[in-house]
>>> print(open('input_25.cif').read())   # mmCIF, C-alpha atoms
data_model
#
loop_
_atom_site.label_atom_id
_atom_site.label_comp_id
_atom_site.auth_asym_id
_atom_site.auth_seq_id
_atom_site.Cartn_x
_atom_site.Cartn_y
_atom_site.Cartn_z
CA MET A 24 9.81 -11.44 -27.05
CA GLN A 25 11.18 -9.89 -23.90
CA PRO A 26 9.21 -8.01 -21.26
CA GLU A 27 11.63 -5.08 -21.49
CA ASP A 28 10.81 -4.75 -25.19
CA ASP A 29 7.14 -4.56 -24.29
CA VAL A 30 7.90 -1.90 -21.68
CA LYS A 31 9.63 0.16 -24.36
CA LEU A 32 6.65 -0.28 -26.64
CA LEU A 33 4.24 0.86 -23.95
CA LYS A 34 6.38 3.89 -23.22
CA ALA A 35 6.42 4.73 -26.91
CA ILE A 36 2.64 4.32 -27.08
CA ALA A 37 2.27 6.64 -24.09
CA ALA A 38 4.31 9.12 -26.15
CA ARG A 39 1.72 8.77 -28.95
CA ASP A 40 3.74 6.49 -31.23
CA GLU A 41 1.31 4.84 -33.63
CA ALA A 42 3.90 2.38 -34.95
CA ALA A 43 4.54 1.11 -31.43
CA LEU A 44 0.86 0.37 -30.99
CA ALA A 45 0.83 -1.49 -34.30
CA GLN A 46 3.83 -3.51 -33.15
CA LEU A 47 2.24 -4.35 -29.82
CA TYR A 48 -0.93 -5.37 -31.66
CA ASP A 49 1.00 -7.63 -34.01
CA ARG A 50 2.75 -9.19 -31.04
CA TYR A 51 -0.31 -9.95 -28.95
CA ARG A 52 -3.30 -10.12 -31.27
CA VAL A 53 -3.47 -13.91 -31.45
CA ILE A 54 -3.13 -14.34 -27.70
CA LEU A 55 -5.76 -11.76 -26.92
CA PHE A 56 -8.10 -12.76 -29.72
CA GLY A 57 -7.83 -16.41 -28.70
CA LEU A 58 -8.65 -15.39 -25.14
CA LEU A 59 -11.59 -13.24 -26.24
CA MET A 60 -12.91 -15.99 -28.51
CA ARG A 61 -12.70 -18.39 -25.59
CA ILE A 62 -14.64 -15.97 -23.40
CA LEU A 63 -17.20 -14.72 -25.92
CA ASN A 64 -17.38 -17.51 -28.49
CA ASN A 65 -18.46 -14.94 -31.04
CA ARG A 66 -16.09 -13.63 -33.65
CA GLU A 67 -17.78 -10.29 -34.18
CA GLU A 68 -17.99 -9.52 -30.46
CA ALA A 69 -14.43 -10.70 -29.86
CA GLU A 70 -13.10 -8.47 -32.65
CA ASP A 71 -15.06 -5.53 -31.30
CA VAL A 72 -13.63 -6.04 -27.81
CA LEU A 73 -10.12 -6.55 -29.22
CA GLN A 74 -10.44 -3.16 -30.88
CA GLU A 75 -11.66 -1.60 -27.61
CA VAL A 76 -8.74 -3.13 -25.74
CA PHE A 77 -6.09 -1.70 -28.03
CA LEU A 78 -7.76 1.70 -28.12
CA GLN A 79 -7.73 1.62 -24.34
CA VAL A 80 -4.04 0.71 -24.46
CA TRP A 81 -3.54 3.72 -26.72
CA ARG A 82 -5.24 6.02 -24.24
CA LYS A 83 -4.02 4.45 -21.01
CA ALA A 84 -0.48 3.31 -21.79
CA GLU A 85 0.89 5.96 -19.46
CA ASP A 86 -0.92 4.20 -16.60
CA PHE A 87 1.26 1.13 -17.01
CA ASP A 88 3.77 0.94 -14.16
CA GLU A 89 6.58 -1.51 -14.76
CA ASN A 90 7.19 -1.70 -11.02
CA ARG A 91 3.74 -3.16 -10.53
CA GLY A 92 3.84 -5.98 -13.05
CA ARG A 93 4.79 -7.15 -16.50
CA PRO A 94 3.31 -5.72 -19.69
CA PHE A 95 1.92 -9.16 -20.53
CA THR A 96 -0.02 -9.30 -17.26
CA TRP A 97 -1.29 -5.74 -17.70
CA LEU A 98 -2.43 -6.36 -21.25
CA VAL A 99 -4.02 -9.72 -20.60
CA THR A 100 -5.75 -8.50 -17.45
CA LEU A 101 -7.14 -5.56 -19.41
CA GLY A 102 -8.27 -7.77 -22.29
CA ARG A 103 -9.83 -10.40 -20.08
CA SER A 104 -11.61 -7.76 -18.01
CA ARG A 105 -13.09 -6.17 -21.14
CA GLY A 106 -14.09 -9.59 -22.43
CA ILE A 107 -15.85 -10.54 -19.21
CA ASP A 108 -17.60 -7.15 -19.12
CA ARG A 109 -18.91 -7.79 -22.63
CA LEU A 110 -19.89 -11.32 -21.72
CA ARG A 111 -21.91 -10.07 -18.80
CA THR A 112 -23.50 -7.45 -20.99
CA LEU A 113 -24.51 -10.08 -23.47
CA ALA A 114 -25.76 -12.36 -20.71
CA ALA A 115 -24.28 -15.16 -22.72
CA ARG A 116 -23.29 -17.49 -19.98
CA ASP A 117 -25.35 -20.33 -21.36
CA ARG A 118 -22.61 -20.96 -23.88
CA VAL A 119 -20.66 -22.60 -21.02
CA ALA A 120 -22.33 -25.80 -22.13
CA GLU A 121 -21.68 -25.14 -25.79
CA ALA A 122 -18.00 -25.88 -25.94
CA GLY A 123 -18.55 -28.18 -28.88
CA ALA A 124 -20.23 -25.47 -30.89
CA ARG A 125 -17.44 -22.94 -30.78
CA GLU A 126 -16.91 -20.82 -33.83
CA ALA A 127 -14.16 -21.88 -36.14
CA VAL A 128 -11.05 -19.75 -36.02
CA GLU A 129 -8.86 -18.87 -38.93
CA GLU A 130 -5.55 -20.59 -39.34
CA ILE A 131 -2.85 -18.41 -37.92
CA SER A 132 0.34 -17.50 -39.69
CA ASP A 133 3.75 -18.90 -38.77
CA ALA A 134 4.88 -15.50 -37.56
CA ALA A 135 1.82 -15.17 -35.37
CA THR A 136 2.39 -18.66 -34.04
CA ASP A 137 5.91 -17.64 -33.03
CA ALA A 138 4.52 -14.62 -31.30
CA PHE A 139 1.95 -16.72 -29.56
CA LYS A 140 4.51 -18.19 -27.23
CA SER A 141 3.75 -21.77 -28.16
CA GLU A 142 6.36 -23.09 -25.75
CA GLN A 143 4.91 -21.17 -22.85
CA ARG A 144 1.45 -22.28 -23.81
CA GLY A 145 2.60 -25.87 -23.59
CA LEU A 146 4.04 -25.27 -20.14
CA VAL A 147 0.83 -23.73 -18.83
CA SER A 148 -1.28 -26.49 -20.34
CA LYS A 149 1.01 -29.07 -18.76
CA ALA A 150 0.81 -27.30 -15.39
CA LEU A 151 -2.97 -27.18 -15.61
CA ALA A 152 -3.10 -30.86 -16.50
CA GLN A 153 -1.35 -31.60 -13.21
CA LEU A 154 -4.20 -30.05 -11.26
CA PRO A 155 -7.04 -32.23 -10.05
CA ASP A 156 -10.22 -31.51 -11.98
CA GLU A 157 -11.92 -30.30 -8.81
CA GLN A 158 -9.33 -27.48 -8.60
CA LYS A 159 -9.07 -26.80 -12.31
CA ARG A 160 -12.79 -26.33 -12.98
CA PRO A 161 -13.33 -23.44 -10.56
CA LEU A 162 -10.31 -21.68 -12.08
CA MET A 163 -11.60 -22.09 -15.62
CA LEU A 164 -15.15 -21.08 -14.74
CA ALA A 165 -13.88 -17.94 -13.03
CA TYR A 166 -11.28 -16.94 -15.59
CA PHE A 167 -13.08 -17.68 -18.85
CA ASP A 168 -16.73 -17.54 -17.87
CA GLY A 169 -16.56 -14.69 -15.39
CA LEU A 170 -18.40 -16.60 -12.68
CA THR A 171 -18.06 -15.59 -9.04
CA GLN A 172 -17.34 -18.14 -6.35
CA SER A 173 -21.03 -18.24 -5.37
CA GLU A 174 -22.05 -18.78 -8.99
CA ILE A 175 -19.45 -21.52 -9.36
CA ALA A 176 -20.75 -23.21 -6.21
CA THR A 177 -24.26 -23.19 -7.67
CA HIS A 178 -23.01 -24.32 -11.08
CA LEU A 179 -21.06 -27.23 -9.61
CA GLY A 180 -23.51 -28.02 -6.83
CA ALA A 181 -20.70 -27.72 -4.29
CA PRO A 182 -20.60 -25.87 -0.95
CA LEU A 183 -19.29 -22.31 -1.26
CA GLY A 184 -16.52 -22.92 1.27
CA THR A 185 -15.33 -25.92 -0.71
CA VAL A 186 -15.22 -23.90 -3.92
CA LYS A 187 -13.25 -21.13 -2.22
CA THR A 188 -10.69 -23.61 -0.90
CA ARG A 189 -10.36 -25.43 -4.22
CA MET A 190 -9.97 -22.22 -6.18
CA ARG A 191 -7.28 -20.89 -3.88
CA THR A 192 -5.46 -24.23 -3.77
CA GLY A 193 -5.72 -24.58 -7.53
CA LEU A 194 -4.18 -21.20 -8.22
CA MET A 195 -1.46 -21.83 -5.63
CA ASN A 196 -0.64 -25.14 -7.29
CA LEU A 197 -0.55 -23.49 -10.70
CA ARG A 198 1.85 -20.89 -9.36
CA GLU A 199 4.09 -23.60 -7.93
CA GLN A 200 4.07 -25.51 -11.22
CA LEU A 201 5.10 -22.36 -13.09
CA ALA A 202 7.61 -21.18 -10.49
CA GLY A 203 10.96 -20.32 -11.99
CA LYS A 204 9.52 -20.09 -15.48
CA GLY A 205 8.29 -16.53 -15.12
CA GLU A 206 11.17 -14.93 -16.99
CA SER A 207 10.71 -17.10 -20.04
CA PHE A 208 6.98 -16.49 -19.89
CA GLY A 209 7.23 -12.76 -19.87
CA PHE A 210 4.83 -12.41 -16.97
CA MET B 130 -12.06 -9.23 9.17
CA VAL B 131 -8.34 -9.16 9.82
CA HIS B 132 -5.36 -8.90 7.48
CA ASP B 133 -5.02 -12.68 7.06
CA ASP B 134 -8.68 -12.99 6.07
CA TYR B 135 -8.15 -10.47 3.29
CA LYS B 136 -4.93 -12.17 2.23
CA GLU B 137 -6.83 -15.42 1.70
CA MET B 138 -9.28 -13.65 -0.60
CA ILE B 139 -6.61 -12.29 -2.95
CA PRO B 140 -6.25 -15.30 -5.31
CA ALA B 141 -10.01 -15.20 -5.95
CA ARG B 142 -9.78 -11.44 -6.47
CA ALA B 143 -7.08 -12.03 -9.10
CA LEU B 144 -9.65 -14.17 -10.93
CA SER B 145 -12.39 -11.53 -10.37
CA ALA B 146 -14.34 -14.27 -8.62
CA LEU B 147 -15.25 -12.56 -5.36
CA ASP B 148 -18.84 -11.69 -4.69
CA ALA B 149 -19.59 -7.97 -4.72
CA ALA B 150 -19.58 -7.42 -0.94
CA GLU B 151 -16.32 -9.32 -0.49
CA GLU B 152 -14.71 -7.48 -3.36
CA GLN B 153 -15.71 -4.12 -1.96
CA ALA B 154 -14.36 -5.03 1.49
CA LEU B 155 -11.09 -6.27 0.00
CA ASN B 156 -10.73 -3.20 -2.23
CA GLU B 157 -11.03 -0.98 0.83
CA HIS B 158 -8.36 -3.03 2.59
CA LEU B 159 -6.11 -2.85 -0.48
CA GLU B 160 -6.18 0.93 -0.37
CA ASN B 161 -4.28 0.83 2.89
CA CYS B 162 -2.23 -2.36 2.62
CA ALA B 163 0.84 -2.32 0.38
CA GLU B 164 1.61 -5.96 1.19
CA CYS B 165 -1.76 -7.14 -0.09
CA ARG B 166 -1.51 -4.91 -3.17
CA LYS B 167 1.80 -6.59 -4.01
CA ASP B 168 0.21 -9.98 -3.39
CA LEU B 169 -2.58 -9.14 -5.77
CA GLU B 170 -0.11 -8.16 -8.49
CA ASP B 171 1.67 -11.51 -8.07
CA TRP B 172 -1.56 -13.49 -8.19
CA GLN B 173 -2.72 -11.56 -11.24
CA ALA B 174 0.48 -12.62 -13.00
CA THR B 175 -0.31 -16.26 -12.22
CA ALA B 176 -3.91 -15.85 -13.37
CA ALA B 177 -2.67 -14.24 -16.59
CA ALA B 178 -0.93 -17.50 -17.49
CA LEU B 179 -4.39 -18.99 -18.05
CA SER B 180 -4.78 -16.66 -21.04
CA LEU B 181 -2.29 -18.83 -22.91
CA THR B 182 -4.43 -21.95 -22.78
CA PRO B 183 -7.16 -21.20 -25.36
CA ASP B 184 -6.48 -22.04 -28.98
CA PRO B 185 -4.72 -19.14 -30.69
CA ALA B 186 -6.96 -17.24 -33.05
CA GLU B 187 -6.35 -14.74 -35.81
CA PRO B 188 -8.62 -11.69 -35.96
CA SER B 189 -9.54 -10.33 -39.36
CA PRO B 190 -7.10 -7.76 -40.81
CA GLN B 191 -9.85 -5.14 -40.63
CA VAL B 192 -9.50 -5.00 -36.84
CA ARG B 193 -5.94 -3.74 -37.12
CA GLU B 194 -7.02 -1.22 -39.72
CA ARG B 195 -9.90 0.02 -37.58
CA ILE B 196 -7.65 0.46 -34.56
CA LEU B 197 -5.00 2.35 -36.48
CA SER B 198 -7.62 4.45 -38.20
CA GLU B 199 -9.00 5.52 -34.81
CA VAL B 200 -5.48 6.26 -33.61
CA ARG B 201 -4.76 8.41 -36.65
CA LYS B 202 -7.99 10.32 -36.08
CA ASP B 203 -6.95 10.80 -32.48
CA LEU B 204 -3.49 12.06 -33.48
CA SER B 205 -4.92 14.30 -36.14
CA SER B 206 -7.42 15.69 -33.66
CA SER B 207 -4.64 16.40 -31.17
CA LYS B 208 -2.49 18.13 -33.78
CA SER B 209 -5.32 20.36 -34.98
CA GLU B 210 -6.25 21.09 -31.38
CA VAL B 211 -9.83 20.05 -32.03
CA ILE B 212 -11.17 17.72 -29.39
CA PRO B 213 -14.61 16.22 -28.91
CA LEU B 214 -15.16 18.22 -25.74
CA LYS B 215 -14.58 21.95 -25.99
CA PHE B 216 -14.05 23.96 -22.87
CA THR B 217 -13.69 27.60 -22.24
CA PRO B 218 -10.12 28.31 -21.14
CA LYS B 219 -9.79 27.17 -17.59
CA ARG B 220 -8.56 29.65 -15.08
CA ASN B 221 -5.77 28.07 -13.13
CA ILE B 222 -6.95 28.95 -9.68
CA TRP B 223 -3.86 27.56 -8.02
CA SER B 224 -1.29 29.64 -9.88
CA SER B 225 -3.37 32.80 -10.24
CA PHE B 226 -3.83 33.19 -6.52
CA GLY B 227 -0.12 32.96 -5.79
CA SER B 228 1.16 30.83 -2.98
CA LEU B 229 -0.79 32.46 -0.14
CA GLY B 230 -3.90 32.61 -2.25
CA ALA B 231 -3.45 29.00 -3.18
CA ILE B 232 -3.23 28.01 0.46
CA ALA B 233 -6.36 30.03 1.19
CA ALA B 234 -8.08 28.45 -1.78
CA VAL B 235 -7.12 24.98 -0.61
CA VAL B 236 -8.49 25.73 2.85
CA LEU B 237 -11.67 27.20 1.35
CA PHE B 238 -12.15 24.28 -0.99
CA ALA B 239 -11.46 21.82 1.79
CA ALA B 240 -13.97 23.61 4.02
CA LEU B 241 -16.57 23.59 1.27
CA ALA B 242 -15.88 19.98 0.51
CA ILE B 243 -16.06 18.97 4.14
CA GLY B 244 -19.29 20.94 4.46
CA LEU B 245 -20.73 19.06 1.53
CA ALA B 246 -19.48 15.81 2.95
CA VAL B 247 -21.12 16.56 6.29
CA LEU B 248 -24.45 17.21 4.53
CA TRP B 249 -24.00 14.02 2.60
CA ARG B 250 -23.21 12.19 5.81
CA GLN B 251 -26.53 13.34 7.25
CA ASN B 252 -28.55 12.40 4.23
CA GLN B 253 -26.79 9.59 2.42
CA GLY B 254 -24.01 7.45 3.69
CA LEU B 255 -21.56 7.68 6.52
CA LYS B 256 -18.98 5.56 4.79
CA ALA B 257 -18.73 7.55 1.57
CA ALA B 258 -18.58 10.84 3.45
CA ASP B 259 -15.86 9.54 5.73
CA GLU B 260 -13.77 8.39 2.78
CA PHE B 261 -14.25 11.72 1.03
CA VAL B 262 -13.21 13.70 4.12
CA LYS B 263 -10.24 11.41 4.63
CA LEU B 264 -9.11 11.97 1.06
CA VAL B 265 -9.60 15.74 1.28
CA ASN B 266 -7.41 15.79 4.37
CA THR B 267 -4.62 13.85 2.67
CA PRO B 268 -1.52 16.06 2.26
CA GLY B 269 -1.50 17.51 -1.24
CA ALA B 270 -5.13 16.64 -1.91
CA ARG B 271 -7.12 18.89 -4.22
CA VAL B 272 -10.80 19.43 -4.78
CA SER B 273 -12.44 20.48 -8.02
CA GLU B 274 -16.04 21.59 -8.29
CA LEU B 275 -18.24 20.60 -11.23
CA LYS B 276 -21.56 22.21 -12.11
CA GLY B 277 -24.37 21.04 -14.33
CA ILE B 278 -24.94 22.85 -17.60
CA GLU B 279 -28.00 22.80 -19.86
CA LEU B 280 -28.97 19.11 -19.65
CA ALA B 281 -28.18 18.90 -15.93
CA GLN B 282 -29.06 22.34 -14.58
CA GLY B 283 -28.76 22.39 -10.79
CA ALA B 284 -26.53 19.32 -10.60
CA THR B 285 -23.29 19.70 -8.67
CA ALA B 286 -20.30 17.52 -7.93
CA LYS B 287 -17.02 17.72 -6.13
CA LEU B 288 -14.01 15.68 -7.09
CA ALA B 289 -11.32 15.14 -4.49
CA TYR B 290 -8.03 13.57 -5.51
CA ASP B 291 -4.54 13.12 -4.18
CA GLY B 292 -1.10 13.01 -5.73
CA THR B 293 -1.32 9.30 -6.46
CA GLY B 294 -4.45 9.77 -8.56
CA ARG B 295 -6.84 8.30 -6.01
CA ALA B 296 -10.09 10.17 -6.59
CA ILE B 297 -13.58 10.31 -5.14
CA LEU B 298 -16.44 12.10 -6.87
CA MET B 299 -19.54 13.07 -4.91
CA ALA B 300 -22.41 14.31 -7.03
CA SER B 301 -25.95 15.43 -6.29
CA LYS B 302 -29.12 16.47 -8.14
CA LEU B 303 -28.14 14.46 -11.21
CA PRO B 304 -30.93 13.75 -13.70
CA SER B 305 -31.66 10.03 -14.07
CA VAL B 306 -30.07 8.29 -17.04
CA PRO B 307 -31.90 6.08 -19.57
CA GLN B 308 -31.74 2.29 -19.27
CA GLY B 309 -28.38 1.01 -20.48
CA LYS B 310 -26.70 4.39 -19.99
CA ALA B 311 -24.51 5.77 -17.24
CA TYR B 312 -22.64 8.93 -16.39
CA GLN B 313 -18.94 8.84 -17.21
CA LEU B 314 -16.16 10.99 -15.78
CA TRP B 315 -13.52 12.46 -18.12
CA PHE B 316 -10.10 13.90 -17.36
CA ILE B 317 -8.91 16.58 -19.74
CA VAL B 318 -5.43 17.97 -20.09
CA GLY B 319 -5.08 21.04 -22.30
CA ASN B 320 -6.14 20.27 -25.83
CA LYS B 321 -5.44 16.58 -25.61
CA PRO B 322 -8.29 14.12 -26.12
CA PRO B 323 -10.32 13.49 -22.95
CA MET B 324 -9.16 10.51 -20.92
CA PRO B 325 -12.01 8.24 -19.84
CA GLY B 326 -12.80 7.63 -16.19
CA LYS B 327 -15.27 5.20 -14.71
CA THR B 328 -19.02 5.14 -15.25
CA PHE B 329 -21.62 5.52 -12.53
CA VAL B 330 -25.37 5.63 -12.10
CA PRO B 331 -26.98 7.95 -9.51
CA ASP B 332 -29.51 6.72 -6.98
CA SER B 333 -33.18 7.62 -7.22
CA ALA B 334 -32.50 10.94 -5.48
CA GLY B 335 -29.84 11.87 -8.04
CA ASN B 336 -26.88 11.32 -5.73
CA ALA B 337 -23.78 9.36 -6.64
CA VAL B 338 -20.36 8.51 -5.26
CA LEU B 339 -17.61 7.29 -7.56
CA LYS B 340 -14.15 6.09 -6.68
CA ASP B 341 -11.68 6.23 -9.52
CA GLU B 342 -7.99 6.20 -10.30
CA MET B 343 -6.98 9.23 -12.32
CA PRO B 344 -4.47 8.87 -15.13
CA ARG B 345 -1.14 10.25 -13.96
CA GLU B 346 -1.27 12.88 -16.66
CA ALA B 347 -4.56 14.22 -15.33
CA ILE B 348 -3.45 14.91 -11.78
CA ASP B 349 -2.29 18.46 -12.46
CA ALA B 350 -4.97 19.29 -14.99
CA ASN B 351 -7.99 20.23 -12.88
CA VAL B 352 -10.26 19.93 -15.90
CA PHE B 353 -13.05 17.44 -15.52
CA ALA B 354 -16.31 16.70 -17.27
CA ILE B 355 -19.19 14.27 -17.04
CA THR B 356 -21.14 12.93 -20.01
CA VAL B 357 -23.76 10.23 -20.51
CA GLU B 358 -22.42 7.10 -22.20
CA PRO B 359 -23.30 3.42 -22.66
CA GLU B 360 -23.12 1.80 -19.21
CA ARG B 361 -19.89 -0.07 -19.97
CA GLY B 362 -18.26 3.27 -20.81
CA SER B 363 -16.81 4.88 -23.92
CA THR B 364 -13.27 5.53 -25.02
CA ILE B 365 -14.28 8.91 -26.44
CA PRO B 366 -17.19 11.09 -25.28
CA THR B 367 -20.34 10.62 -27.33
CA SER B 368 -22.78 12.96 -25.58
CA PRO B 369 -22.89 16.64 -24.71
CA ILE B 370 -21.34 17.64 -21.41
CA TYR B 371 -23.68 17.35 -18.44
CA LEU B 372 -21.35 18.72 -15.78
CA ARG B 373 -17.94 20.32 -16.01
CA SER B 374 -15.34 21.93 -13.82
CA PHE B 375 -15.00 25.66 -14.05
#
>>> encode(input="input_25.cif", output="structure tokens")
Amino acid sequence: MQPEDDVKLLKAIAARDEAALAQLYDRYRVILFGLLMRILNNREEAEDVLQEVFLQVWRKAEDFDENRGRPFTWLVTLGRSRGIDRLRTLAARDRVAEAGAREAVEEISDAATDAFKSEQRGLVSKALAQLPDEQKRPLMLAYFDGLTQSEIATHLGAPLGTVKTRMRTGLMNLREQLAGKGESFGF
Amino acid sequence: MVHDDYKEMIPARALSALDAAEEQALNEHLENCAECRKDLEDWQATAAALSLTPDPAEPSPQVRERILSEVRKDLSSSKSEVIPLKFTPKRNIWSSFGSLGAIAAVVLFAALAIGLAVLWRQNQGLKAADEFVKLVNTPGARVSELKGIELAQGATAKLAYDGTGRAILMASKLPSVPQGKAYQLWFIVGNKPPMPGKTFVPDSAGNAVLKDEMPREAIDANVFAITVEPERGSTIPTSPIYLRSF
């Protein structure tokens, strides 16, 4: 999947093309649903938010500006933001410690696996694995659990300044690891 | 804080990990710093890579059906020109006055808006009033007035916005909203479905300030409404109109 194809889809959606929305959904549902399941750990809530996200895409596609970022980034940022909003609403942060009790997910189809960018996923996972745990944990707690730097400092029992430095360094290192792979990632 | 201080905060902002005060300060800086806005876009792209790390998951087929069903309803509603919010035809004040009239109207609106902002400055907050005045004085800025109807008799609001869609709403005498609810701004273009804006909750005196980014399509519309919705906002209005432009 190419970013320019996604741009065309978003333009078509902005022009009220239902089929384009269906195509975008088919392309990104497993990525976004996996992300929302990771954030919410609740199938019903994740499906509800996924629906909200695509209805927002339907209504706000004209807001997408290809000069300000890739469709993938726009869509994922929107989905993650909605997921974190719901998480905060549900005050469900205690499931941070419940990683072992995550809900089972259905097996995904081959086509969906293709669309899931398995190669890119491997590259990101590899890049993350290169990060020291002390840098990786603040990133994960912020991105998937919606914690602020102060909350992360409390959660980890680390000084706030240390958390800020580690988070910034961690994201910089991740960017360096992924440098030059942006085109193939589509973001 | 100086530019470099804000620049250091941007990676955390891309992860939505700043504390509220820091985020507000950075957001204000971003409004006037193109370099930092570009930085934020780049860091958001890096942060988005993290979305690929969870196990992929397949939603139930019903989700797709529900989405497309809502979309079809939306399309059908647009075609039949029936929308959830009905407005009396809006007089286009800008075109009906002609060019000189429009200029006079702009000046009048700006004067009224500045007058309101000055009152607000005295009673509420210097910062919000200053931002409102600054926006009103931006070349090409417009101001629309909203008034409370039925459920919000006596409530008033002014919405200032510029050509980029940057908007500030200042409202007063708003009735309080129930727990878990908030006011939500809507942008309406012709007979198209209302486009959702942000939600906000007034203070105990019924005053509120909201900063929002208007959809591009709404910039020339001049039709605005406020309803009461769940605090996280709705994609379509679910309550009667509390305030509307006229």
>>> atom_distance(input="input_25.cif", atom1="CA of Gly283 (chain B)", atom2="CA of Tyr312 (chain B)")
15.8 Å
>>> resolve_selection(input="input_25.cif", expression="the PyMOL selection byres ((chain A and resi 166) around 12)", output="JSON list (two decimals) with C-alpha atoms, keeping the file's coordinate frame")
[["chain", "number", "residue", "atom", "x", "y", "z"],
["A", 58, "LEU", "CA", -8.65, -15.39, -25.14],
["A", 59, "LEU", "CA", -11.59, -13.24, -26.24],
["A", 61, "ARG", "CA", -12.70, -18.39, -25.59],
["A", 62, "ILE", "CA", -14.64, -15.97, -23.40],
["A", 99, "VAL", "CA", -4.02, -9.72, -20.60],
["A", 100, "THR", "CA", -5.75, -8.50, -17.45],
["A", 102, "GLY", "CA", -8.27, -7.77, -22.29],
["A", 103, "ARG", "CA", -9.83, -10.40, -20.08],
["A", 104, "SER", "CA", -11.61, -7.76, -18.01],
["A", 106, "GLY", "CA", -14.09, -9.59, -22.43],
["A", 107, "ILE", "CA", -15.85, -10.54, -19.21],
["A", 110, "LEU", "CA", -19.89, -11.32, -21.72],
["A", 159, "LYS", "CA", -9.07, -26.80, -12.31],
["A", 160, "ARG", "CA", -12.79, -26.33, -12.98],
["A", 161, "PRO", "CA", -13.33, -23.44, -10.56],
["A", 162, "LEU", "CA", -10.31, -21.68, -12.08],
["A", 163, "MET", "CA", -11.60, -22.09, -15.62],
["A", 164, "LEU", "CA", -15.15, -21.08, -14.74],
["A", 165, "ALA", "CA", -13.88, -17.94, -13.03],
["A", 167, "PHE", "CA", -13.08, -17.68, -18.85],
["A", 168, "ASP", "CA", -16.73, -17.54, -17.87],
["A", 169, "GLY", "CA", -16.56, -14.69, -15.39],
["A", 170, "LEU", "CA", -18.40, -16.60, -12.68],
["A", 171, "THR", "CA", -18.06, -15.59, -9.04],
["A", 172, "GLN", "CA", -17.34, -18.14, -6.35],
["A", 175, "ILE", "CA", -19.45, -21.52, -9.36],
["A", 190, "MET", "CA", -9.97, -22.22, -6.18],
["A", 194, "LEU", "CA", -4.18, -21.20, -8.22],
["B", 140, "PRO", "CA", -6.25, -15.30, -5.31],
["B", 141, "ALA", "CA", -10.01, -15.20, -5.95],
["B", 142, "ARG", "CA", -9.78, -11.44, -6.47],
["B", 143, "ALA", "CA", -7.08, -12.03, -9.10],
["B", 144, "LEU", "CA", -9.65, -14.17, -10.93],
["B", 145, "SER", "CA", -12.39, -11.53, -10.37],
["B", 146, "ALA", "CA", -14.34, -14.27, -8.62],
["B", 147, "LEU", "CA", -15.25, -12.56, -5.36],
["B", 173, "GLN", "CA", -2.72, -11.56, -11.24],
["B", 175, "THR", "CA", -0.31, -16.26, -12.22],
["B", 176, "ALA", "CA", -3.91, -15.85, -13.37],
["B", 177, "ALA", "CA", -2.67, -14.24, -16.59],
["B", 178, "ALA", "CA", -0.93, -17.50, -17.49],
["B", 179, "LEU", "CA", -4.39, -18.99, -18.05],
["B", 180, "SER", "CA", -4.78, -16.66, -21.04],
["B", 181, "LEU", "CA", -2.29, -18.83, -22.91],
["B", 182, "THR", "CA", -4.43, -21.95, -22.78],
["B", 183, "PRO", "CA", -7.16, -21.20, -25.36]]
>>> residues_near_point(input="input_25.cif", point="(-2.2, -7.2, -31.2)", cutoff="12 Å", atoms="all atoms listed in the file", output="NGL selection string")
(:A and (29 or 42-57 or 70 or 72-78 or 80-81 or 95 or 98-99 or 102 or 135 or 138-139)) or (:B and (186-190 or 192-194 or 196-197))
>>> atom_distance(input="input_25.cif", atom1="CA of Asn320 (chain B)", atom2="CA of Arg82 (chain A)")
14.4 Å
>>> closest_residue(input="input_25.cif", among="A:Pro182, A:Ala37, A:Phe87, A:Thr112", to="Pro359 (chain B)", atoms="all atoms listed in the file")
A:Thr112
>>> closest_residue(input="input_25.cif", among="A:Lys31, A:Lys149, A:Arg111, A:Arg144", to="chain B", atoms="all atoms listed in the file")
A:Arg144
>>> closest_residue(input="input_25.cif", among="B:Ala270, B:Lys340, B:Thr328, B:Ala281", to="Asn156 (chain B)", atoms="only C-alpha atoms")
B:Lys340
>>> atom_distance(input="input_25.cif", atom1="CA of Leu280 (chain B)", atom2="CA of Ala258 (chain B)")
26.6 Å
